[in-house]
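Undergrad: So I've got this file, upload20.pdb, and it contains PDB, N, CA and C atoms:
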ATOM      1  N   MET A  24       0.839  -1.181   0.000
ATOM      2  CA  MET A  24       0.000   0.000   0.000
ATOM      3  C   MET A  24       0.881   1.240   0.000
ATOM      4  N   THR A  25       0.405   2.260  -0.621
ATOM      5  CA  THR A  25       1.179   3.480  -0.699
ATOM      6  C   THR A  25       0.904   4.357   0.506
ATOM      7  N   ALA A  26       1.796   5.299   0.751
ATOM      8  CA  ALA A  26       1.630   6.205   1.887
ATOM      9  C   ALA A  26       0.359   7.030   1.744
ATOM     10  N   ALA A  27       0.046   7.475   0.523
ATOM     11  CA  ALA A  27      -1.162   8.271   0.315
ATOM     12  C   ALA A  27      -2.403   7.465   0.658
ATOM     13  N   LYS A  28      -2.386   6.199   0.336
ATOM     14  CA  LYS A  28      -3.529   5.345   0.610
ATOM     15  C   LYS A  28      -3.698   5.141   2.109
ATOM     16  N   ARG A  29      -2.620   5.038   2.829
ATOM     17  CA  ARG A  29      -2.654   4.792   4.255
ATOM     18  C   ARG A  29      -3.081   6.020   5.048
ATOM     19  N   SER A  30      -2.860   7.183   4.547
ATOM     20  CA  SER A  30      -3.080   8.397   5.324
ATOM     21  C   SER A  30      -4.523   8.581   5.769
ATOM     22  N   ILE A  31      -5.478   7.969   5.103
ATOM     23  CA  ILE A  31      -6.871   8.127   5.518
ATOM     24  C   ILE A  31      -7.315   7.023   6.473
ATOM     25  N   LEU A  32      -6.427   6.094   6.795
ATOM     26  CA  LEU A  32      -6.744   4.998   7.707
ATOM     27  C   LEU A  32      -6.252   5.312   9.114
ATOM     28  N   SER A  33      -6.937   4.766  10.105
ATOM     29  CA  SER A  33      -6.447   4.873  11.478
ATOM     30  C   SER A  33      -5.226   3.972  11.625
ATOM     31  N   GLN A  34      -4.459   4.192  12.668
ATOM     32  CA  GLN A  34      -3.287   3.350  12.889
ATOM     33  C   GLN A  34      -3.696   1.901  13.143
ATOM     34  N   GLU A  35      -4.805   1.703  13.837
ATOM     35  CA  GLU A  35      -5.303   0.348  14.087
ATOM     36  C   GLU A  35      -5.637  -0.357  12.772
ATOM     37  N   GLU A  36      -6.278   0.386  11.862
ATOM     38  CA  GLU A  36      -6.617  -0.189  10.558
ATOM     39  C   GLU A  36      -5.364  -0.506   9.757
ATOM     40  N   LYS A  37      -4.360   0.358   9.830
ATOM     41  CA  LYS A  37      -3.111   0.105   9.113
ATOM     42  C   LYS A  37      -2.475  -1.199   9.569
ATOM     43  N   VAL A  38      -2.417  -1.393  10.887
ATOM     44  CA  VAL A  38      -1.806  -2.607  11.433
ATOM     45  C   VAL A  38      -2.621  -3.829  11.028
ATOM     46  N   ALA A  39      -3.935  -3.761  11.211
ATOM     47  CA  ALA A  39      -4.804  -4.900  10.888
ATOM     48  C   ALA A  39      -4.759  -5.231   9.394
ATOM     49  N   LEU A  40      -4.742  -4.215   8.542
ATOM     50  CA  LEU A  40      -4.677  -4.461   7.097
ATOM     51  C   LEU A  40      -3.346  -5.093   6.695
ATOM     52  N   GLU A  41      -2.277  -4.692   7.349
ATOM     53  CA  GLU A  41      -0.979  -5.298   7.067
ATOM     54  C   GLU A  41      -0.990  -6.769   7.468
ATOM     55  N   ILE A  42      -1.571  -7.073   8.628
ATOM     56  CA  ILE A  42      -1.683  -8.467   9.068
ATOM     57  C   ILE A  42      -2.501  -9.256   8.051
ATOM     58  N   GLN A  43      -3.635  -8.693   7.625
ATOM     59  CA  GLN A  43      -4.501  -9.384   6.668
ATOM     60  C   GLN A  43      -3.805  -9.601   5.333
ATOM     61  N   LYS A  44      -3.058  -8.603   4.891
ATOM     62  CA  LYS A  44      -2.340  -8.718   3.620
ATOM     63  C   LYS A  44      -1.377  -9.908   3.654
ATOM     64  N   TYR A  45      -0.641 -10.041   4.725
ATOM     65  CA  TYR A  45       0.284 -11.169   4.861
ATOM     66  C   TYR A  45      -0.469 -12.486   4.992
ATOM     67  N   ASN A  46      -1.581 -12.486   5.739
ATOM     68  CA  ASN A  46      -2.400 -13.700   5.870
ATOM     69  C   ASN A  46      -2.897 -14.159   4.512
ATOM     70  N   ASP A  47      -3.365 -13.237   3.686
ATOM     71  CA  ASP A  47      -3.886 -13.585   2.362
ATOM     72  C   ASP A  47      -2.806 -14.192   1.469
ATOM     73  N   ARG A  48      -1.586 -13.753   1.650
ATOM     74  CA  ARG A  48      -0.466 -14.298   0.863
ATOM     75  C   ARG A  48       0.099 -15.572   1.477
ATOM     76  N   LYS A  49      -0.461 -15.956   2.638
ATOM     77  CA  LYS A  49       0.035 -17.119   3.395
ATOM     78  C   LYS A  49       1.514 -16.945   3.736
ATOM     79  N   ASP A  50       1.858 -15.710   4.053
ATOM     80  CA  ASP A  50       3.208 -15.317   4.432
ATOM     81  C   ASP A  50       3.162 -14.937   5.915
ATOM     82  N   PRO A  51       3.950 -15.581   6.771
ATOM     83  CA  PRO A  51       3.847 -15.305   8.203
ATOM     84  C   PRO A  51       4.163 -13.852   8.553
ATOM     85  N   ILE A  52       3.353 -13.281   9.415
ATOM     86  CA  ILE A  52       3.609 -11.932   9.928
ATOM     87  C   ILE A  52       3.662 -12.025  11.444
ATOM     88  N   TYR A  53       4.671 -11.458  12.019
ATOM     89  CA  TYR A  53       4.883 -11.492  13.462
ATOM     90  C   TYR A  53       5.380 -10.111  13.869
ATOM     91  N   PHE A  54       5.483  -9.882  15.180
ATOM     92  CA  PHE A  54       5.735  -8.541  15.694
ATOM     93  C   PHE A  54       6.934  -7.854  15.047
ATOM     94  N   SER A  55       8.106  -8.469  15.078
ATOM     95  CA  SER A  55       9.291  -7.778  14.555
ATOM     96  C   SER A  55       9.187  -7.518  13.052
ATOM     97  N   ARG A  56       8.550  -8.399  12.334
ATOM     98  CA  ARG A  56       8.357  -8.189  10.894
ATOM     99  C   ARG A  56       7.379  -7.038  10.658
ATOM    100  N   LEU A  57       6.333  -6.985  11.459
ATOM    101  CA  LEU A  57       5.357  -5.898  11.359
ATOM    102  C   LEU A  57       6.024  -4.553  11.652
ATOM    103  N   ILE A  58       6.911  -4.543  12.635
ATOM    104  CA  ILE A  58       7.670  -3.329  12.961
ATOM    105  C   ILE A  58       8.455  -2.866  11.732
ATOM    106  N   ASN A  59       9.153  -3.786  11.081
ATOM    107  CA  ASN A  59       9.951  -3.433   9.898
ATOM    108  C   ASN A  59       9.089  -2.912   8.760
ATOM    109  N   VAL A  60       7.919  -3.500   8.576
ATOM    110  CA  VAL A  60       7.034  -3.094   7.483
ATOM    111  C   VAL A  60       6.471  -1.687   7.720
ATOM    112  N   LEU A  61       6.125  -1.387   8.967
ATOM    113  CA  LEU A  61       5.435  -0.127   9.275
ATOM    114  C   LEU A  61       6.319   0.918   9.961
ATOM    115  N   LYS A  62       7.618   0.685  10.042
ATOM    116  CA  LYS A  62       8.494   1.558  10.829
ATOM    117  C   LYS A  62       8.495   3.020  10.385
ATOM    118  N   GLU A  63       8.212   3.280   9.132
ATOM    119  CA  GLU A  63       8.180   4.664   8.639
ATOM    120  C   GLU A  63       6.906   5.399   9.056
ATOM    121  N   GLU A  64       5.886   4.648   9.460
ATOM    122  CA  GLU A  64       4.586   5.251   9.747
ATOM    123  C   GLU A  64       4.168   5.206  11.208
ATOM    124  N   ILE A  65       4.541   4.124  11.906
ATOM    125  CA  ILE A  65       4.062   3.920  13.270
ATOM    126  C   ILE A  65       5.226   3.442  14.128
ATOM    127  N   SER A  66       5.335   3.995  15.339
ATOM    128  CA  SER A  66       6.431   3.605  16.229
ATOM    129  C   SER A  66       6.235   2.191  16.768
ATOM    130  N   ARG A  67       7.324   1.600  17.205
ATOM    131  CA  ARG A  67       7.324   0.246  17.762
ATOM    132  C   ARG A  67       6.365   0.136  18.947
ATOM    133  N   SER A  68       6.430   1.102  19.861
ATOM    134  CA  SER A  68       5.569   1.043  21.053
ATOM    135  C   SER A  68       4.097   1.184  20.684
ATOM    136  N   THR A  69       3.799   2.011  19.697
ATOM    137  CA  THR A  69       2.410   2.173  19.259
ATOM    138  C   THR A  69       1.906   0.893  18.606
ATOM    139  N   ILE A  70       2.730   0.253  17.795
ATOM    140  CA  ILE A  70       2.333  -1.016  17.175
ATOM    141  C   ILE A  70       2.059  -2.058  18.253
ATOM    142  N   SER A  71       2.894  -2.105  19.267
ATOM    143  CA  SER A  71       2.694  -3.047  20.371
ATOM    144  C   SER A  71       1.347  -2.809  21.054
ATOM    145  N   LYS A  72       1.035  -1.546  21.332
ATOM    146  CA  LYS A  72      -0.247  -1.205  21.970
ATOM    147  C   LYS A  72      -1.424  -1.558  21.062
ATOM    148  N   ILE A  73      -1.272  -1.313  19.779
ATOM    149  CA  ILE A  73      -2.345  -1.619  18.823
ATOM    150  C   ILE A  73      -2.582  -3.126  18.753
ATOM    151  N   ILE A  74      -1.514  -3.906  18.709
ATOM    152  CA  ILE A  74      -1.674  -5.367  18.677
ATOM    153  C   ILE A  74      -2.398  -5.840  19.934
ATOM    154  N   ASP A  75      -2.014  -5.297  21.094
ATOM    155  CA  ASP A  75      -2.710  -5.645  22.343
ATOM    156  C   ASP A  75      -4.194  -5.317  22.243
ATOM    157  N   LYS A  76      -4.494  -4.147  21.696
ATOM    158  CA  LYS A  76      -5.892  -3.722  21.550
ATOM    159  C   LYS A  76      -6.651  -4.658  20.604
ATOM    160  N   LEU A  77      -6.035  -5.018  19.483
ATOM    161  CA  LEU A  77      -6.677  -5.917  18.522
ATOM    162  C   LEU A  77      -6.909  -7.300  19.132
ATOM    163  N   PHE A  78      -5.970  -7.761  19.971
ATOM    164  CA  PHE A  78      -6.168  -9.020  20.701
ATOM    165  C   PHE A  78      -7.350  -8.889  21.661
ATOM    166  N   ASP A  79      -7.370  -7.794  22.431
ATOM    167  CA  ASP A  79      -8.443  -7.575  23.409
ATOM    168  C   ASP A  79      -9.814  -7.514  22.748
ATOM    169  N   LEU A  80      -9.879  -6.933  21.561
ATOM    170  CA  LEU A  80     -11.145  -6.815  20.831
ATOM    171  C   LEU A  80     -11.514  -8.101  20.089
ATOM    172  N   GLY A  81     -10.627  -9.070  20.105
ATOM    173  CA  GLY A  81     -10.891 -10.340  19.430
ATOM    174  C   GLY A  81     -10.757 -10.268  17.921
ATOM    175  N   MET A  82     -10.040  -9.263  17.424
ATOM    176  CA  MET A  82      -9.880  -9.094  15.982
ATOM    177  C   MET A  82      -8.706  -9.890  15.429
ATOM    178  N   VAL A  83      -7.721 -10.150  16.264
ATOM    179  CA  VAL A  83      -6.569 -10.948  15.843
ATOM    180  C   VAL A  83      -6.275 -12.018  16.883
ATOM    181  N   GLU A  84      -5.554 -13.029  16.424
ATOM    182  CA  GLU A  84      -5.080 -14.081  17.323
ATOM    183  C   GLU A  84      -3.629 -14.364  16.981
ATOM    184  N   GLY A  85      -2.933 -14.984  17.906
ATOM    185  CA  GLY A  85      -1.538 -15.334  17.681
ATOM    186  C   GLY A  85      -1.331 -16.820  17.874
ATOM    187  N   ARG A  86      -0.485 -17.381  17.044
ATOM    188  CA  ARG A  86      -0.137 -18.799  17.147
ATOM    189  C   ARG A  86       1.382 -18.914  17.128
ATOM    190  N   TRP A  87       1.918 -19.703  18.053
ATOM    191  CA  TRP A  87       3.359 -19.936  18.073
ATOM    192  C   TRP A  87       3.709 -20.933  16.983
ATOM    193  N   GLU A  88       4.601 -20.512  16.081
ATOM    194  CA  GLU A  88       5.012 -21.336  14.950
ATOM    195  C   GLU A  88       6.503 -21.140  14.719
ATOM    196  N   THR A  89       7.115 -22.098  14.043
ATOM    197  CA  THR A  89       8.528 -21.920  13.688
ATOM    198  C   THR A  89       8.615 -21.259  12.314
ATOM    199  N   TYR A  90       9.532 -20.321  12.207
ATOM    200  CA  TYR A  90       9.778 -19.611  10.955
ATOM    201  C   TYR A  90      11.288 -19.415  10.850
ATOM    202  N   ASN A  91      11.874 -19.943   9.795
ATOM    203  CA  ASN A  91      13.332 -19.893   9.606
ATOM    204  C   ASN A  91      14.077 -20.412  10.835
ATOM    205  N   GLY A  92      13.551 -21.481  11.431
ATOM    206  CA  GLY A  92      14.210 -22.106  12.571
ATOM    207  C   GLY A  92      14.005 -21.416  13.903
ATOM    208  N   LYS A  93      13.168 -20.368  13.937
ATOM    209  CA  LYS A  93      12.914 -19.639  15.186
ATOM    210  C   LYS A  93      11.431 -19.700  15.512
ATOM    211  N   TRP A  94      11.127 -19.694  16.800
ATOM    212  CA  TRP A  94       9.731 -19.632  17.228
ATOM    213  C   TRP A  94       9.268 -18.183  17.209
ATOM    214  N   VAL A  95       8.159 -17.941  16.520
ATOM    215  CA  VAL A  95       7.564 -16.601  16.460
ATOM    216  C   VAL A  95       6.067 -16.719  16.722
ATOM    217  N   ARG A  96       5.493 -15.665  17.240
ATOM    218  CA  ARG A  96       4.045 -15.632  17.440
ATOM    219  C   ARG A  96       3.431 -15.003  16.192
ATOM    220  N   THR A  97       2.943 -15.846  15.322
ATOM    221  CA  THR A  97       2.380 -15.403  14.053
ATOM    222  C   THR A  97       0.987 -14.831  14.290
ATOM    223  N   LEU A  98       0.695 -13.702  13.646
ATOM    224  CA  LEU A  98      -0.571 -12.993  13.834
ATOM    225  C   LEU A  98      -1.544 -13.312  12.706
ATOM    226  N   TYR A  99      -2.807 -13.482  13.082
ATOM    227  CA  TYR A  99      -3.876 -13.777  12.129
ATOM    228  C   TYR A  99      -5.112 -12.965  12.483
ATOM    229  N   THR A 100      -5.811 -12.459  11.464
ATOM    230  CA  THR A 100      -7.114 -11.848  11.722
ATOM    231  C   THR A 100      -8.122 -12.967  11.950
ATOM    232  N   LYS A 101      -9.168 -12.657  12.724
ATOM    233  CA  LYS A 101     -10.123 -13.689  13.123
ATOM    234  C   LYS A 101     -11.489 -13.492  12.479
ATOM    235  N   GLY A 102     -12.133 -14.618  12.183
ATOM    236  CA  GLY A 102     -13.540 -14.689  11.807
ATOM    237  C   GLY A 102     -14.052 -13.610  10.887
ATOM    238  N   GLU A 103     -15.132 -12.954  11.349
ATOM    239  CA  GLU A 103     -15.783 -11.947  10.507
ATOM    240  C   GLU A 103     -14.891 -10.743  10.253
ATOM    241  N   TYR A 104     -13.902 -10.512  11.109
ATOM    242  CA  TYR A 104     -12.994  -9.387  10.897
ATOM    243  C   TYR A 104     -12.127  -9.610   9.670
ATOM    244  N   ARG A 105     -11.844 -10.861   9.372
ATOM    245  CA  ARG A 105     -11.056 -11.202   8.183
ATOM    246  C   ARG A 105     -11.727 -10.620   6.935
ATOM    247  N   GLU A 106     -13.015 -10.871   6.802
ATOM    248  CA  GLU A 106     -13.751 -10.359   5.635
ATOM    249  C   GLU A 106     -13.857  -8.835   5.660
ATOM    250  N   TYR A 107     -14.035  -8.270   6.847
ATOM    251  CA  TYR A 107     -14.101  -6.811   6.969
ATOM    252  C   TYR A 107     -12.798  -6.182   6.465
ATOM    253  N   PHE A 108     -11.659  -6.699   6.905
ATOM    254  CA  PHE A 108     -10.375  -6.125   6.499
ATOM    255  C   PHE A 108     -10.087  -6.371   5.023
ATOM    256  N   ARG A 109     -10.502  -7.504   4.492
ATOM    257  CA  ARG A 109     -10.350  -7.747   3.052
ATOM    258  C   ARG A 109     -11.169  -6.732   2.261
ATOM    259  N   SER A 110     -12.398  -6.511   2.697
ATOM    260  CA  SER A 110     -13.281  -5.557   2.027
ATOM    261  C   SER A 110     -12.707  -4.142   2.102
ATOM    262  N   LEU A 111     -12.217  -3.759   3.271
ATOM    263  CA  LEU A 111     -11.624  -2.437   3.446
ATOM    264  C   LEU A 111     -10.408  -2.278   2.542
ATOM    265  N   ASN A 112      -9.597  -3.301   2.448
ATOM    266  CA  ASN A 112      -8.417  -3.255   1.591
ATOM    267  C   ASN A 112      -8.813  -3.089   0.125
ATOM    268  N   GLU A 113      -9.840  -3.808  -0.305
ATOM    269  CA  GLU A 113     -10.314  -3.677  -1.688
ATOM    270  C   GLU A 113     -10.826  -2.267  -1.962
ATOM    271  N   LYS A 114     -11.574  -1.710  -1.021
ATOM    272  CA  LYS A 114     -12.087  -0.348  -1.189
ATOM    273  C   LYS A 114     -10.950   0.659  -1.274
ATOM    274  N   MET A 115      -9.921   0.461  -0.445
ATOM    275  CA  MET A 115      -8.776   1.361  -0.482
ATOM    276  C   MET A 115      -8.055   1.254  -1.825
ATOM    277  N   ASN A 116      -7.891   0.035  -2.317
ATOM    278  CA  ASN A 116      -7.251  -0.160  -3.623
ATOM    279  C   ASN A 116      -8.059   0.503  -4.730
ATOM    280  N   ASP A 117      -9.387   0.384  -4.672
ATOM    281  CA  ASP A 117     -10.251   1.013  -5.672
ATOM    282  C   ASP A 117     -10.104   2.529  -5.651
ATOM    283  N   LYS A 118     -10.049   3.124  -4.453
ATOM    284  CA  LYS A 118      -9.914   4.579  -4.342
ATOM    285  C   LYS A 118      -8.581   5.058  -4.905
ATOM    286  N   VAL A 119      -7.533   4.331  -4.620
ATOM    287  CA  VAL A 119      -6.216   4.701  -5.139
ATOM    288  C   VAL A 119      -6.204   4.594  -6.659
ATOM    289  N   ASN A 120      -6.792   3.529  -7.191
ATOM    290  CA  ASN A 120      -6.849   3.358  -8.647
ATOM    291  C   ASN A 120      -7.656   4.462  -9.307
ATOM    292  N   GLU A 121      -8.753   4.886  -8.674
ATOM    293  CA  GLU A 121      -9.562   5.986  -9.217
ATOM    294  C   GLU A 121      -8.745   7.265  -9.290
ATOM    295  N   LYS A 122      -7.995   7.567  -8.227
ATOM    296  CA  LYS A 122      -7.185   8.788  -8.204
ATOM    297  C   LYS A 122      -6.088   8.739  -9.260
ATOM    298  N   GLU A 123      -5.484   7.562  -9.423
ATOM    299  CA  GLU A 123      -4.407   7.430 -10.405
ATOM    300  C   GLU A 123      -4.934   7.544 -11.831
ATOM    301  N   ASN A 124      -6.166   7.113 -12.066
ATOM    302  CA  ASN A 124      -6.746   7.140 -13.410
ATOM    303  C   ASN A 124      -7.431   8.457 -13.750
ATOM    304  N   SER A 125      -7.594   9.334 -12.779
ATOM    305  CA  SER A 125      -8.280  10.607 -13.086
ATOM    306  C   SER A 125      -7.313  11.733 -13.312
TER     307      SER A 125
END
Write the structure described by the file as C-alpha coordinates, please.
TA:
Amino acid sequence: MTAAKRSILSQEEKVALEIQKYNDRKDPIYFSRLINVLKEEISRSTISKIIDKLFDLGMVEGRWETYNGKWVRTLYTKGEYREYFRSLNEKMNDKVNEKENS
(Lines of atoms letter the chains of each structure in order from A and count residues from 1; the text may use other names and numbers.)
(Lines give C-alpha, C1' and ligand atoms only; values in the text may rest on other atoms or scores of the structure.)
Protein backbone atom coordinates (compact mmCIF):
# COMPACT_ATOMS: atom_id res chain seq x y z
CA MET A 1 0.00 0.00 0.00
CA THR A 2 1.18 3.48 -0.70
CA ALA A 3 1.63 6.20 1.89
CA ALA A 4 -1.16 8.27 0.31
CA LYS A 5 -3.53 5.35 0.61
CA ARG A 6 -2.65 4.79 4.26
CA SER A 7 -3.08 8.40 5.32
CA ILE A 8 -6.87 8.13 5.52
CA LEU A 9 -6.74 5.00 7.71
CA SER A 10 -6.45 4.87 11.48
CA GLN A 11 -3.29 3.35 12.89
CA GLU A 12 -5.30 0.35 14.09
CA GLU A 13 -6.62 -0.19 10.56
CA LYS A 14 -3.11 0.11 9.11
CA VAL A 15 -1.81 -2.61 11.43
CA ALA A 16 -4.80 -4.90 10.89
CA LEU A 17 -4.68 -4.46 7.10
CA GLU A 18 -0.98 -5.30 7.07
CA ILE A 19 -1.68 -8.47 9.07
CA GLN A 20 -4.50 -9.38 6.67
CA LYS A 21 -2.34 -8.72 3.62
CA TYR A 22 0.28 -11.17 4.86
CA ASN A 23 -2.40 -13.70 5.87
CA ASP A 24 -3.89 -13.59 2.36
CA ARG A 25 -0.47 -14.30 0.86
CA LYS A 26 0.03 -17.12 3.39
CA ASP A 27 3.21 -15.32 4.43
CA PRO A 28 3.85 -15.31 8.20
CA ILE A 29 3.61 -11.93 9.93
CA TYR A 30 4.88 -11.49 13.46
CA PHE A 31 5.73 -8.54 15.69
CA SER A 32 9.29 -7.78 14.55
CA ARG A 33 8.36 -8.19 10.89
CA LEU A 34 5.36 -5.90 11.36
CA ILE A 35 7.67 -3.33 12.96
CA ASN A 36 9.95 -3.43 9.90
CA VAL A 37 7.03 -3.09 7.48
CA LEU A 38 5.44 -0.13 9.28
CA LYS A 39 8.49 1.56 10.83
CA GLU A 40 8.18 4.66 8.64
CA GLU A 41 4.59 5.25 9.75
CA ILE A 42 4.06 3.92 13.27
CA SER A 43 6.43 3.60 16.23
CA ARG A 44 7.32 0.25 17.76
CA SER A 45 5.57 1.04 21.05
CA THR A 46 2.41 2.17 19.26
CA ILE A 47 2.33 -1.02 17.18
CA SER A 48 2.69 -3.05 20.37
CA LYS A 49 -0.25 -1.20 21.97
CA ILE A 50 -2.35 -1.62 18.82
CA ILE A 51 -1.67 -5.37 18.68
CA ASP A 52 -2.71 -5.65 22.34
CA LYS A 53 -5.89 -3.72 21.55
CA LEU A 54 -6.68 -5.92 18.52
CA PHE A 55 -6.17 -9.02 20.70
CA ASP A 56 -8.44 -7.58 23.41
CA LEU A 57 -11.14 -6.81 20.83
CA GLY A 58 -10.89 -10.34 19.43
CA MET A 59 -9.88 -9.09 15.98
CA VAL A 60 -6.57 -10.95 15.84
CA GLU A 61 -5.08 -14.08 17.32
CA GLY A 62 -1.54 -15.33 17.68
CA ARG A 63 -0.14 -18.80 17.15
CA TRP A 64 3.36 -19.94 18.07
CA GLU A 65 5.01 -21.34 14.95
CA THR A 66 8.53 -21.92 13.69
CA TYR A 67 9.78 -19.61 10.96
CA ASN A 68 13.33 -19.89 9.61
CA GLY A 69 14.21 -22.11 12.57
CA LYS A 70 12.91 -19.64 15.19
CA TRP A 71 9.73 -19.63 17.23
CA VAL A 72 7.56 -16.60 16.46
CA ARG A 73 4.05 -15.63 17.44
CA THR A 74 2.38 -15.40 14.05
CA LEU A 75 -0.57 -12.99 13.83
CA TYR A 76 -3.88 -13.78 12.13
CA THR A 77 -7.11 -11.85 11.72
CA LYS A 78 -10.12 -13.69 13.12
CA GLY A 79 -13.54 -14.69 11.81
CA GLU A 80 -15.78 -11.95 10.51
CA TYR A 81 -12.99 -9.39 10.90
CA ARG A 82 -11.06 -11.20 8.18
CA GLU A 83 -13.75 -10.36 5.64
CA TYR A 84 -14.10 -6.81 6.97
CA PHE A 85 -10.38 -6.12 6.50
CA ARG A 86 -10.35 -7.75 3.05
CA SER A 87 -13.28 -5.56 2.03
CA LEU A 88 -11.62 -2.44 3.45
CA ASN A 89 -8.42 -3.26 1.59
CA GLU A 90 -10.31 -3.68 -1.69
CA LYS A 91 -12.09 -0.35 -1.19
CA MET A 92 -8.78 1.36 -0.48
CA ASN A 93 -7.25 -0.16 -3.62
CA ASP A 94 -10.25 1.01 -5.67
CA LYS A 95 -9.91 4.58 -4.34
CA VAL A 96 -6.22 4.70 -5.14
CA ASN A 97 -6.85 3.36 -8.65
CA GLU A 98 -9.56 5.99 -9.22
CA LYS A 99 -7.18 8.79 -8.20
CA GLU A 100 -4.41 7.43 -10.40
CA ASN A 101 -6.75 7.14 -13.41
CA SER A 102 -8.28 10.61 -13.09
Undergrad: From chain A, collect each residue whose DSSP state is alpha helix (DSSP H) and return the set as JSON, numbers by chain.
TA: {"A": [26, 27, 28, 29, 34, 35, 36, 37, 38, 39, 40, 41, 42, 43, 44, 45, 46, 47, 54, 55, 56, 57, 58, 59, 60, 61, 67, 68, 69, 70, 71, 72, 73, 74, 75, 76, 77, 78, 79, 102, 103, 104, 105, 106, 107, 108, 109, 110, 111, 112, 113, 114, 115, 116, 117, 118, 119, 120, 121, 122, 123, 124]}
Undergrad: Pick the closest to Thr69 in chain A from A:Lys118, A:Lys49, A:Lys37, A:Arg105: which is it, counting only C-alpha atoms?
TA: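 Of A:Lys118, A:Lys49, A:Lys37, A:Arg105, the one nearest Thr69 in chain A is A:Lys37, counting only C-alpha atoms.
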Undergrad: Using Å and a single decimal, report how far CA of Val119 in chain A sits from atom N of Glu106 in chain A.
TA: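 Pair atom N of Glu106 in chain A / CA of Val119 in chain A returns 20.8 Å.
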Undergrad: Got a sec: who's within 7 Å of range 93-103 of chain A, counting only N, CA and C atoms, leaving out chain neighbours fewer than 4 positions off, as a list in words?
TA: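 The filter keeps Ile42, Gln43, Asn46, Pro51, Ile52, Tyr53, Phe54, Gly81, Met82, Val83, Glu84, Gly85, Arg86, Trp87, Glu88, Thr89, Tyr107 and Phe108 of chain A.
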Undergrad: What are the centre and edge lengths in Å, to one decimal, of the axis-aligned box around all listed atoms of range 44-57 of chain A with 5 Å added on each side, as JSON?
TA:
{"center_x": 2.7, "center_y": -10.8, "center_z": 8.3, "size_x": 23.2, "size_y": 22.6, "size_z": 24.8}
Undergrad: Could you jot down the CA of Glu123 in chain A to atom C of Leu57 in chain A separation for me, Å, one decimal place?
TA: 27.2 Å
